[in-house]
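Participant: What follows is structure00.pdb, PDB, C-alpha atoms.
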```pdb
ATOM      1  CA  MET P   1       0.439  -3.961 -11.898
ATOM      2  CA  ASN P   2      -0.348  -0.355 -12.618
ATOM      3  CA  THR P   3      -1.327   0.705 -16.043
ATOM      4  CA  VAL P   4       0.829   3.440 -17.432
ATOM      5  CA  PRO P   5      -1.435   5.721 -19.404
ATOM      6  CA  SER P   6      -0.252   6.690 -22.822
ATOM      7  CA  ILE P   7       0.594  10.340 -22.433
ATOM      8  CA  GLN P   8       0.780  11.695 -25.924
ATOM      9  CA  ASN P   9       0.760  15.428 -25.380
ATOM     10  CA  ASP P  10       0.761  18.259 -22.839
ATOM     11  CA  ALA P  11      -3.023  18.223 -22.483
ATOM     12  CA  ALA P  12      -3.004  14.526 -21.579
ATOM     13  CA  LEU P  13      -0.176  15.037 -19.080
ATOM     14  CA  ASP P  14      -2.020  18.012 -17.581
ATOM     15  CA  ARG P  15      -5.151  15.915 -17.113
ATOM     16  CA  GLU P  16      -3.266  12.933 -15.637
ATOM     17  CA  LEU P  17      -1.167  15.086 -13.296
ATOM     18  CA  LYS P  18      -4.145  17.026 -11.964
ATOM     19  CA  GLY P  19      -6.052  13.790 -11.419
ATOM     20  CA  LEU P  20      -3.069  12.319  -9.605
ATOM     21  CA  ILE P  21      -2.688  15.352  -7.306
ATOM     22  CA  ALA P  22      -6.407  15.258  -6.506
ATOM     23  CA  ASP P  23      -6.213  11.515  -5.736
ATOM     24  CA  VAL P  24      -3.113  11.764  -3.543
ATOM     25  CA  LEU P  25      -4.195  14.830  -1.585
ATOM     26  CA  GLY P  26      -7.877  14.020  -1.442
ATOM     27  CA  LEU P  27      -8.785  17.292  -3.156
ATOM     28  CA  PRO P  28     -12.040  17.744  -5.055
ATOM     29  CA  ALA P  29     -11.337  17.213  -8.759
ATOM     30  CA  GLU P  30     -12.652  20.689  -9.536
ATOM     31  CA  GLN P  31     -10.051  22.285  -7.233
ATOM     32  CA  ALA P  32      -7.196  20.533  -9.055
ATOM     33  CA  ALA P  33      -8.762  21.204 -12.453
ATOM     34  CA  VAL P  34      -8.229  24.956 -12.125
ATOM     35  CA  PHE P  35      -4.510  24.750 -11.233
ATOM     36  CA  GLU P  36      -2.462  27.165 -13.331
ATOM     37  CA  ALA P  37       1.296  27.108 -13.920
ATOM     38  CA  ASP P  38       1.849  29.502 -10.997
ATOM     39  CA  SER P  39      -0.600  27.805  -8.585
ATOM     40  CA  GLY P  40       1.268  27.129  -5.345
ATOM     41  CA  LEU P  41       1.751  23.530  -4.192
ATOM     42  CA  PHE P  42       4.282  22.743  -1.430
ATOM     43  CA  GLY P  43       3.986  25.381   1.247
ATOM     44  CA  HIS P  44       0.654  26.581  -0.153
ATOM     45  CA  LEU P  45      -1.624  23.539   0.055
ATOM     46  CA  PRO P  46      -2.097  22.428   3.664
ATOM     47  CA  GLU P  47      -2.735  18.874   2.422
ATOM     48  CA  LEU P  48       0.742  18.667   0.903
ATOM     49  CA  ASP P  49       3.029  17.887   3.853
ATOM     50  CA  SER P  50       6.271  15.936   3.585
ATOM     51  CA  MET P  51       4.544  12.550   3.849
ATOM     52  CA  ALA P  52       2.158  13.569   1.091
ATOM     53  CA  VAL P  53       5.125  14.637  -1.043
ATOM     54  CA  ALA P  54       6.540  11.132  -0.687
ATOM     55  CA  GLY P  55       3.169   9.682  -1.682
ATOM     56  CA  LEU P  56       2.864  12.064  -4.609
ATOM     57  CA  LEU P  57       6.286  11.176  -6.026
ATOM     58  CA  THR P  58       5.697   7.449  -5.576
ATOM     59  CA  GLU P  59       2.329   7.696  -7.301
ATOM     60  CA  MET P  60       3.931   9.652 -10.170
ATOM     61  CA  GLU P  61       6.485   6.857 -10.587
ATOM     62  CA  ASP P  62       3.716   4.254 -10.649
ATOM     63  CA  ARG P  63       1.337   5.990 -12.998
ATOM     64  CA  PHE P  64       3.843   7.552 -15.379
ATOM     65  CA  GLY P  65       6.361   4.704 -15.354
ATOM     66  CA  ILE P  66       9.222   7.030 -14.415
ATOM     67  CA  VAL P  67      11.958   6.859 -11.766
ATOM     68  CA  ILE P  68      12.492   9.852  -9.507
ATOM     69  CA  GLU P  69      15.856  10.059  -7.746
ATOM     70  CA  ASP P  70      16.576  11.851  -4.467
ATOM     71  CA  ASP P  71      18.577  14.476  -6.315
ATOM     72  CA  ASP P  72      15.664  15.259  -8.629
ATOM     73  CA  VAL P  73      13.573  16.532  -5.753
ATOM     74  CA  ASP P  74      14.061  20.215  -5.065
ATOM     75  CA  GLY P  75      11.968  23.125  -3.914
ATOM     76  CA  GLU P  76      11.420  24.468  -7.391
ATOM     77  CA  MET P  77       9.680  21.370  -8.795
ATOM     78  CA  LEU P  78       7.316  21.212  -5.825
ATOM     79  CA  GLU P  79       6.590  24.884  -5.355
ATOM     80  CA  THR P  80       4.162  25.404  -8.196
ATOM     81  CA  TYR P  81       1.989  23.291 -10.452
ATOM     82  CA  GLY P  82       3.991  24.574 -13.434
ATOM     83  CA  GLY P  83       7.224  23.354 -11.805
ATOM     84  CA  LEU P  84       5.835  19.887 -11.224
ATOM     85  CA  PHE P  85       4.393  19.745 -14.730
ATOM     86  CA  ALA P  86       7.732  20.715 -16.288
ATOM     87  CA  PHE P  87       9.497  18.095 -14.167
ATOM     88  CA  ALA P  88       7.058  15.329 -15.187
ATOM     89  CA  LYS P  89       7.289  16.341 -18.826
ATOM     90  CA  ALA P  90      11.097  16.253 -18.775
ATOM     91  CA  LYS P  91      11.080  12.834 -17.065
ATOM     92  CA  LEU P  92       8.636  11.391 -19.567
ATOM     93  CA  GLY P  93      10.661  12.810 -22.423
ATOM     94  CA  THR P  94      13.777  10.955 -21.339
ATOM     95  CA  ALA P  95      12.104   7.770 -20.112
TER      96      ALA P  95
ATOM     97  CA  MET S   1     -16.150 -12.185  15.548
ATOM     98  CA  ILE S   2     -13.014 -11.070  17.356
ATOM     99  CA  SER S   3     -10.890 -13.913  18.663
ATOM    100  CA  THR S   4      -7.305 -15.105  18.480
ATOM    101  CA  TRP S   5      -5.295 -17.641  16.574
ATOM    102  CA  THR S   6      -2.138 -19.439  17.584
ATOM    103  CA  LEU S   7       0.771 -20.034  15.293
ATOM    104  CA  ALA S   8       4.069 -21.816  15.763
ATOM    105  CA  ASP S   9       7.194 -19.878  14.894
ATOM    106  CA  PRO S  10      10.223 -21.567  13.286
ATOM    107  CA  ASP S  11      11.813 -22.027  16.717
ATOM    108  CA  GLY S  12       8.891 -24.126  17.853
ATOM    109  CA  ASN S  13       7.435 -21.442  20.114
ATOM    110  CA  SER S  14       3.809 -20.572  19.746
ATOM    111  CA  SER S  15       2.397 -17.066  19.718
ATOM    112  CA  GLU S  16      -1.160 -15.892  20.017
ATOM    113  CA  GLU S  17      -2.359 -13.238  17.586
ATOM    114  CA  LEU S  18      -5.596 -11.344  17.045
ATOM    115  CA  LEU S  19      -8.115 -12.675  14.535
ATOM    116  CA  VAL S  20     -11.193 -10.956  13.145
ATOM    117  CA  ALA S  21     -13.449 -13.537  11.530
ATOM    118  CA  PHE S  22     -16.942 -13.986  10.152
ATOM    119  CA  ASP S  23     -17.136 -17.754  10.425
ATOM    120  CA  ARG S  24     -20.418 -19.583   9.936
ATOM    121  CA  GLY S  25     -18.925 -22.672   8.348
ATOM    122  CA  ARG S  26     -19.995 -21.668   4.860
ATOM    123  CA  ASP S  27     -18.550 -23.067   1.634
ATOM    124  CA  MET S  28     -16.552 -20.028   0.569
ATOM    125  CA  ARG S  29     -13.937 -18.972   3.137
ATOM    126  CA  VAL S  30     -11.721 -16.022   2.242
ATOM    127  CA  LEU S  31      -8.402 -15.487   4.009
ATOM    128  CA  ILE S  32      -7.442 -11.802   4.009
ATOM    129  CA  SER S  33      -3.773 -10.875   3.882
ATOM    130  CA  PRO S  34      -3.966  -7.238   4.964
ATOM    131  CA  ALA S  35      -1.966  -4.174   3.914
ATOM    132  CA  TRP S  36       1.198  -3.389   5.893
ATOM    133  CA  PHE S  37       2.499  -0.708   8.193
ATOM    134  CA  ASP S  38       0.954   2.726   7.709
ATOM    135  CA  GLU S  39      -1.275   1.416   4.939
ATOM    136  CA  ALA S  40      -2.606  -1.204   7.361
ATOM    137  CA  ASN S  41      -3.973   1.609   9.524
ATOM    138  CA  LYS S  42      -5.362   3.543   6.576
ATOM    139  CA  LEU S  43      -7.101   0.462   5.168
ATOM    140  CA  ARG S  44      -8.168  -1.343   8.348
ATOM    141  CA  ARG S  45     -11.710  -0.009   8.429
ATOM    142  CA  PHE S  46     -12.116  -0.444   4.683
ATOM    143  CA  THR S  47     -10.950  -4.058   5.008
ATOM    144  CA  ILE S  48     -13.476  -4.805   7.762
ATOM    145  CA  GLU S  49     -16.210  -3.071   5.744
ATOM    146  CA  VAL S  50     -15.458  -5.420   2.840
ATOM    147  CA  MET S  51     -15.687  -8.362   5.266
ATOM    148  CA  ARG S  52     -19.101  -7.188   6.489
ATOM    149  CA  ARG S  53     -20.338  -7.127   2.898
ATOM    150  CA  LEU S  54     -18.969 -10.630   2.273
ATOM    151  CA  GLU S  55     -20.764 -11.778   5.418
ATOM    152  CA  LYS S  56     -24.047 -10.495   3.982
ATOM    153  CA  ALA S  57     -23.263 -12.219   0.683
ATOM    154  CA  GLY S  58     -22.931 -15.550   2.483
ATOM    155  CA  ILE S  59     -19.125 -15.706   2.463
ATOM    156  CA  ASP S  60     -16.897 -16.347   5.500
ATOM    157  CA  SER S  61     -13.773 -14.277   5.891
ATOM    158  CA  PHE S  62     -10.725 -14.264   8.167
ATOM    159  CA  LEU S  63      -8.388 -11.381   8.946
ATOM    160  CA  PRO S  64      -5.456 -12.628  11.051
ATOM    161  CA  ASP S  65      -2.802 -10.419  12.607
ATOM    162  CA  LEU S  66       0.697 -11.398  11.604
ATOM    163  CA  PRO S  67       3.393 -11.517  14.278
ATOM    164  CA  GLY S  68       4.843  -8.043  14.765
ATOM    165  CA  CYS S  69       1.814  -6.327  13.179
ATOM    166  CA  ASN S  70      -1.268  -4.537  14.514
ATOM    167  CA  ASP S  71      -1.956  -5.780  18.068
ATOM    168  CA  SER S  72       0.785  -8.425  18.071
ATOM    169  CA  LEU S  73       3.100  -8.602  21.057
ATOM    170  CA  ALA S  74       5.931  -9.999  18.922
ATOM    171  CA  PRO S  75       8.668  -7.469  18.006
ATOM    172  CA  LEU S  76       8.396  -6.232  14.430
ATOM    173  CA  GLU S  77      12.166  -6.011  13.967
ATOM    174  CA  SER S  78      12.567  -9.774  14.259
ATOM    175  CA  GLN S  79       9.981 -10.602  11.564
ATOM    176  CA  THR S  80      10.911 -11.855   8.102
ATOM    177  CA  LEU S  81       9.092 -12.212   4.803
ATOM    178  CA  ALA S  82       9.644 -15.968   4.881
ATOM    179  CA  GLY S  83       8.222 -16.124   8.410
ATOM    180  CA  TRP S  84       5.164 -14.094   7.430
ATOM    181  CA  ARG S  85       4.580 -16.281   4.367
ATOM    182  CA  ALA S  86       4.737 -19.375   6.555
ATOM    183  CA  ALA S  87       2.321 -17.748   9.034
ATOM    184  CA  MET S  88      -0.163 -16.910   6.266
ATOM    185  CA  ASN S  89       0.044 -20.479   4.915
ATOM    186  CA  ASP S  90      -0.498 -21.732   8.452
ATOM    187  CA  ALA S  91      -3.524 -19.447   8.792
ATOM    188  CA  ALA S  92      -4.950 -20.718   5.484
ATOM    189  CA  ASP S  93      -4.774 -24.320   6.712
ATOM    190  CA  ARG S  94      -6.089 -23.518  10.161
ATOM    191  CA  PHE S  95      -9.160 -21.634   8.934
ATOM    192  CA  GLY S  96      -9.834 -23.977   6.028
ATOM    193  CA  ALA S  97      -9.584 -21.071   3.593
ATOM    194  CA  THR S  98     -10.844 -21.668   0.068
ATOM    195  CA  HIS S  99      -9.701 -18.293  -1.333
ATOM    196  CA  VAL S 100      -7.276 -15.502  -0.490
ATOM    197  CA  LEU S 101      -7.517 -11.739  -0.845
ATOM    198  CA  GLY S 102      -4.129 -10.006  -0.647
ATOM    199  CA  ILE S 103      -4.361  -6.264  -0.097
ATOM    200  CA  ARG S 104      -1.474  -4.028  -1.279
ATOM    201  CA  ALA S 105       1.778  -5.510   0.101
ATOM    202  CA  GLY S 106      -0.322  -8.260   1.676
ATOM    203  CA  ALA S 107      -0.329  -9.804  -1.800
ATOM    204  CA  LEU S 108       3.325 -10.697  -1.161
ATOM    205  CA  LEU S 109       2.097 -13.269   1.361
ATOM    206  CA  ALA S 110      -0.939 -14.710  -0.455
ATOM    207  CA  PRO S 111      -0.640 -18.522  -0.384
ATOM    208  CA  VAL S 112      -0.137 -19.793  -3.927
ATOM    209  CA  HIS S 113      -2.184 -22.933  -3.427
ATOM    210  CA  LEU S 114      -5.376 -20.906  -2.965
ATOM    211  CA  PRO S 115      -7.227 -19.134  -5.758
ATOM    212  CA  GLY S 116      -7.973 -15.500  -5.101
ATOM    213  CA  TRP S 117      -7.285 -11.836  -5.736
ATOM    214  CA  HIS S 118      -4.586  -9.230  -5.306
ATOM    215  CA  TYR S 119      -6.117  -5.832  -4.632
ATOM    216  CA  ALA S 120      -3.856  -2.963  -5.814
ATOM    217  CA  SER S 121      -0.867  -5.147  -5.035
ATOM    218  CA  GLN S 122       2.459  -3.548  -4.276
ATOM    219  CA  SER S 123       5.915  -5.067  -4.730
ATOM    220  CA  GLY S 124       8.414  -5.077  -1.874
ATOM    221  CA  THR S 125      10.706  -2.911  -3.984
ATOM    222  CA  LYS S 126       8.102  -0.165  -4.323
ATOM    223  CA  LEU S 127       7.077  -0.394  -0.691
ATOM    224  CA  LEU S 128      10.674   0.063   0.464
ATOM    225  CA  ARG S 129      11.240   2.877  -1.999
ATOM    226  CA  ALA S 130       8.186   4.787  -0.769
ATOM    227  CA  MET S 131       9.140   4.334   2.887
ATOM    228  CA  LEU S 132      12.747   5.400   2.245
ATOM    229  CA  ARG S 133      11.524   8.456   0.370
ATOM    230  CA  ALA S 134       9.219   9.491   3.208
ATOM    231  CA  ARG S 135      12.191   9.238   5.566
ATOM    232  CA  THR S 136      14.592  11.267   3.402
ATOM    233  CA  ILE S 137      11.975  13.967   2.814
ATOM    234  CA  SER S 138      11.118  14.332   6.484
ATOM    235  CA  ALA S 139      14.851  14.389   7.311
ATOM    236  CA  ARG S 140      15.315  17.190   4.810
ATOM    237  CA  GLU S 141      12.448  19.109   6.437
ATOM    238  CA  ALA S 142      14.248  18.728   9.756
ATOM    239  CA  GLY S 143      17.429  20.123   8.200
ATOM    240  CA  ARG S 144      19.298  16.807   7.880
ATOM    241  CA  GLU S 145      20.449  15.350   4.612
ATOM    242  CA  GLU S 146      19.939  11.591   4.243
ATOM    243  CA  LYS S 147      20.439   9.554   1.099
ATOM    244  CA  ALA S 148      18.118   6.665   0.283
ATOM    245  CA  GLU S 149      20.978   4.540  -1.077
ATOM    246  CA  ALA S 150      23.103   5.003   2.066
ATOM    247  CA  LEU S 151      20.094   4.252   4.292
ATOM    248  CA  LEU S 152      19.382   1.098   2.334
ATOM    249  CA  THR S 153      22.976  -0.081   2.678
ATOM    250  CA  LEU S 154      22.733   0.425   6.426
ATOM    251  CA  GLY S 155      19.330  -1.267   6.505
ATOM    252  CA  ARG S 156      20.622  -4.376   4.743
ATOM    253  CA  SER S 157      23.161  -5.002   7.479
ATOM    254  CA  GLU S 158      21.662  -3.495  10.618
ATOM    255  CA  GLY S 159      17.955  -2.941   9.961
ATOM    256  CA  LEU S 160      16.286   0.448   9.692
ATOM    257  CA  THR S 161      13.384   2.381  11.146
ATOM    258  CA  LEU S 162      11.197   3.733   8.350
ATOM    259  CA  GLY S 163       8.163   5.861   9.115
ATOM    260  CA  GLY S 164       8.381   4.716  12.728
ATOM    261  CA  TRP S 165       8.398   1.001  11.776
ATOM    262  CA  PRO S 166      11.537  -0.842  12.917
ATOM    263  CA  LEU S 167      12.371  -3.256  10.097
ATOM    264  CA  GLY S 168      15.012  -5.950  10.566
ATOM    265  CA  ALA S 169      17.916  -6.393   8.154
ATOM    266  CA  ALA S 170      16.552  -9.734   6.895
ATOM    267  CA  LEU S 171      13.141  -8.264   6.077
ATOM    268  CA  ILE S 172      14.726  -5.342   4.226
ATOM    269  CA  ARG S 173      16.911  -7.676   2.156
ATOM    270  CA  GLU S 174      13.890  -9.845   1.334
ATOM    271  CA  LEU S 175      11.694  -6.877   0.419
ATOM    272  CA  GLU S 176      14.236  -5.513  -2.033
ATOM    273  CA  CYS S 177      13.342  -8.228  -4.499
ATOM    274  CA  ALA S 178       9.896  -9.339  -3.289
ATOM    275  CA  GLU S 179       7.110  -9.566  -5.857
ATOM    276  CA  PRO S 180       3.551 -10.773  -5.281
ATOM    277  CA  LEU S 181       3.398 -14.521  -5.833
ATOM    278  CA  GLN S 182       1.241 -14.788  -8.935
ATOM    279  CA  ALA S 183      -0.354 -18.181  -8.888
ATOM    280  CA  ASP S 184      -2.585 -19.483 -11.669
ATOM    281  CA  GLY S 185      -5.765 -18.780  -9.772
ATOM    282  CA  HIS S 186      -4.853 -15.254  -8.685
ATOM    283  CA  SER S 187      -6.227 -12.217 -10.430
ATOM    284  CA  GLU S 188      -5.259  -8.582  -9.936
ATOM    285  CA  ILE S 189      -7.910  -6.007  -9.004
ATOM    286  CA  ALA S 190      -6.647  -2.574 -10.037
ATOM    287  CA  GLN S 191      -7.647   0.442  -7.967
ATOM    288  CA  SER S 192      -9.293   2.029 -11.006
ATOM    289  CA  VAL S 193     -11.885  -0.778 -11.028
ATOM    290  CA  LEU S 194     -13.202   0.371  -7.626
ATOM    291  CA  GLY S 195     -14.066   3.798  -8.979
ATOM    292  CA  GLY S 196     -12.112   6.114  -6.701
ATOM    293  CA  PRO S 197      -8.647   6.868  -5.343
ATOM    294  CA  GLY S 198      -7.032   4.317  -3.029
ATOM    295  CA  LEU S 199      -7.756   4.961   0.630
ATOM    296  CA  TRP S 200      -4.094   4.315   1.549
ATOM    297  CA  LEU S 201      -3.341   7.676  -0.047
ATOM    298  CA  ARG S 202      -5.416   9.573   2.530
ATOM    299  CA  ALA S 203      -3.651  11.424   5.349
ATOM    300  CA  GLU S 204      -6.095   9.871   7.833
ATOM    301  CA  PRO S 205      -7.861   6.502   7.867
ATOM    302  CA  ASP S 206     -11.098   6.795   5.931
ATOM    303  CA  GLU S 207     -13.806   4.643   4.400
ATOM    304  CA  ASP S 208     -15.677   4.552   1.132
ATOM    305  CA  ALA S 209     -18.883   2.526   0.971
ATOM    306  CA  ALA S 210     -18.970   2.469  -2.839
ATOM    307  CA  GLN S 211     -15.423   1.087  -3.064
ATOM    308  CA  ALA S 212     -16.128  -1.531  -0.377
ATOM    309  CA  ASP S 213     -19.282  -2.544  -2.295
ATOM    310  CA  ALA S 214     -17.279  -2.867  -5.514
ATOM    311  CA  LEU S 215     -14.489  -4.965  -4.013
ATOM    312  CA  ALA S 216     -16.895  -7.264  -2.165
ATOM    313  CA  ALA S 217     -18.975  -7.705  -5.330
ATOM    314  CA  ILE S 218     -15.918  -8.834  -7.302
ATOM    315  CA  ILE S 219     -15.057 -11.409  -4.618
ATOM    316  CA  ALA S 220     -18.644 -12.601  -4.399
ATOM    317  CA  GLY S 221     -18.628 -13.003  -8.169
ATOM    318  CA  THR S 222     -21.389 -10.500  -8.689
ATOM    319  CA  GLY S 223     -19.243  -7.523  -9.700
ATOM    320  CA  ALA S 224     -17.046  -6.496 -12.605
TER     321      ALA S 224
END
```
Spell out the structure here as structure tokens.

Facilitator:
Amino acid sequence: MNTVPSIQNDAALDRELKGLIADVLGLPAEQAAVFEADSGLFGHLPELDSMAVAGLLTEMEDRFGIVIEDDDVDGEMLETYGGLFAFAKAKLGTA
Amino acid sequence: MISTWTLADPDGNSSEELLVAFDRGRDMRVLISPAWFDEANKLRRFTIEVMRRLEKAGIDSFLPDLPGCNDSLAPLESQTLAGWRAAMNDAADRFGATHVLGIRAGALLAPVHLPGWHYASQSGTKLLRAMLRARTISAREAGREEKAEALLTLGRSEGLTLGGWPLGAALIRELECAEPLQADGHSEIAQSVLGGPGLWLRAEPDEDAAQADALAAIIAGTGA
């Protein structure tokens, strides 16, 4: 039902992940586009509350074709953009 | 435009539910199977906006409440997927629907004998997974540790409240393996076709005129 984009490299993942965050949180695309590895997410973006985290993870599963378990979710992966990127990259690598 | 419809439940009782309809007896009559739970609230205005556009395009449309949903007086925890499917089939017959538009999880109930569309359809499995995740994350925020698998086991036998929605054990068991019923005449409309992010993702109910235009145009046969 959802098309899984072919994510060939880090640049493609970066683009997809920023687009996904902007879609889920309703952020302007330009705000997400300037995220750096140390840009704060959970606890820093007022839009990212616990319900939005659930939506974000579910959307990542849909768009990237990955499965995220309860135990995968920790503070580190959600704290910064770099943490989330590294998590998504690792998941895609083992999918 | 706003009226009610009456459906018979499996026990032979009848219940009266809300109906929003644009009915001028025209040839094309679209039954709308709306999104569920929290997404129903997020997408309600969008859904009605699509109906207004269909009205202008000369198409009748019908948006019935299901028992246990929206303004219904029936308890949600006693509803089942099979019961909702029967209710939607009943609605299709009653309104003389010629087409169906299933929105998100509403696609799970789209009558297979009608041609139509599934807009950004969602399987029961994914719906449950997202609702369980929201519950475990908010529990963690409150300092409690809950496991999705343990919650699901409990839900299968006793029912479970997810995101404030009390779901019965039967509905949870049915949702675990529920997929949209893909009939020959049904086509999927992906969110990307509407040119923006899905409004169910917003923290508050919202609307988007361009997306409503795009969805209505596809149904009216004038869009992509």

Participant: Counting only C-alpha atoms, collect the residues of chain P whose closest atom lies at most 6 Å from chain S, and write them out as a PDB file with C-alpha atoms, in the frame of the given file.

Facilitator:
```pdb
ATOM      1  CA  ASP P  23      -6.213  11.515  -5.736  1.00  0.00           C
ATOM      2  CA  VAL P  24      -3.113  11.764  -3.543  1.00  0.00           C
ATOM      3  CA  SER P  50       6.271  15.936   3.585  1.00  0.00           C
ATOM      4  CA  MET P  51       4.544  12.550   3.849  1.00  0.00           C
ATOM      5  CA  ALA P  54       6.540  11.132  -0.687  1.00  0.00           C
TER       6      ALA P  54
END
```

Participant: Mind giving me the straight-line distance from CA of Leu78 in chain P to CA of Thr161 in chain S in Å, one decimal?

Facilitator: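 Separation between CA of Leu78 in chain P and CA of Thr161 in chain S: 26.1 Å.
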
Participant: What does the distance from CA of Gly26 in chain P to CA of Glu79 in chain P come to in Å, to one decimal?

Facilitator: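 Computing the Euclidean distance for CA of Gly26 in chain P and CA of Glu79 in chain P yields 18.5 Å.
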
Participant: To one decimal place in Å, what is the distance between CA of Pro64 in chain S and CA of His186 in chain S?

Facilitator: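 These two atoms are separated by 19.9 Å.
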
Participant: Considering only C-alpha atoms, state which residue in the set P:Glu47, P:Glu59, P:Glu16, P:Glu30 is at the smallest distance from Glu204 in chain S.

Facilitator: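 So, comparing all the options, the nearest one is P:Glu47.
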
Participant: Show which residues sit within 6 Å of range 81-88 of chain S, as a list in words. Count only C-alpha atoms, and ignore same-chain residues fewer than 3 positions away.

Facilitator: Ala91, Leu109 and Leu171 of chain S

Participant: Step by step, work through what the PyMOL selection byres ((chain S and resi 111) around 12) selects in the shown file, and finish by giving those residues as a VMD selection string.

Facilitator: chain S and resid 30 to 33 82 84 to 93 97 to 102 106 to 110 112 to 118 180 to 186
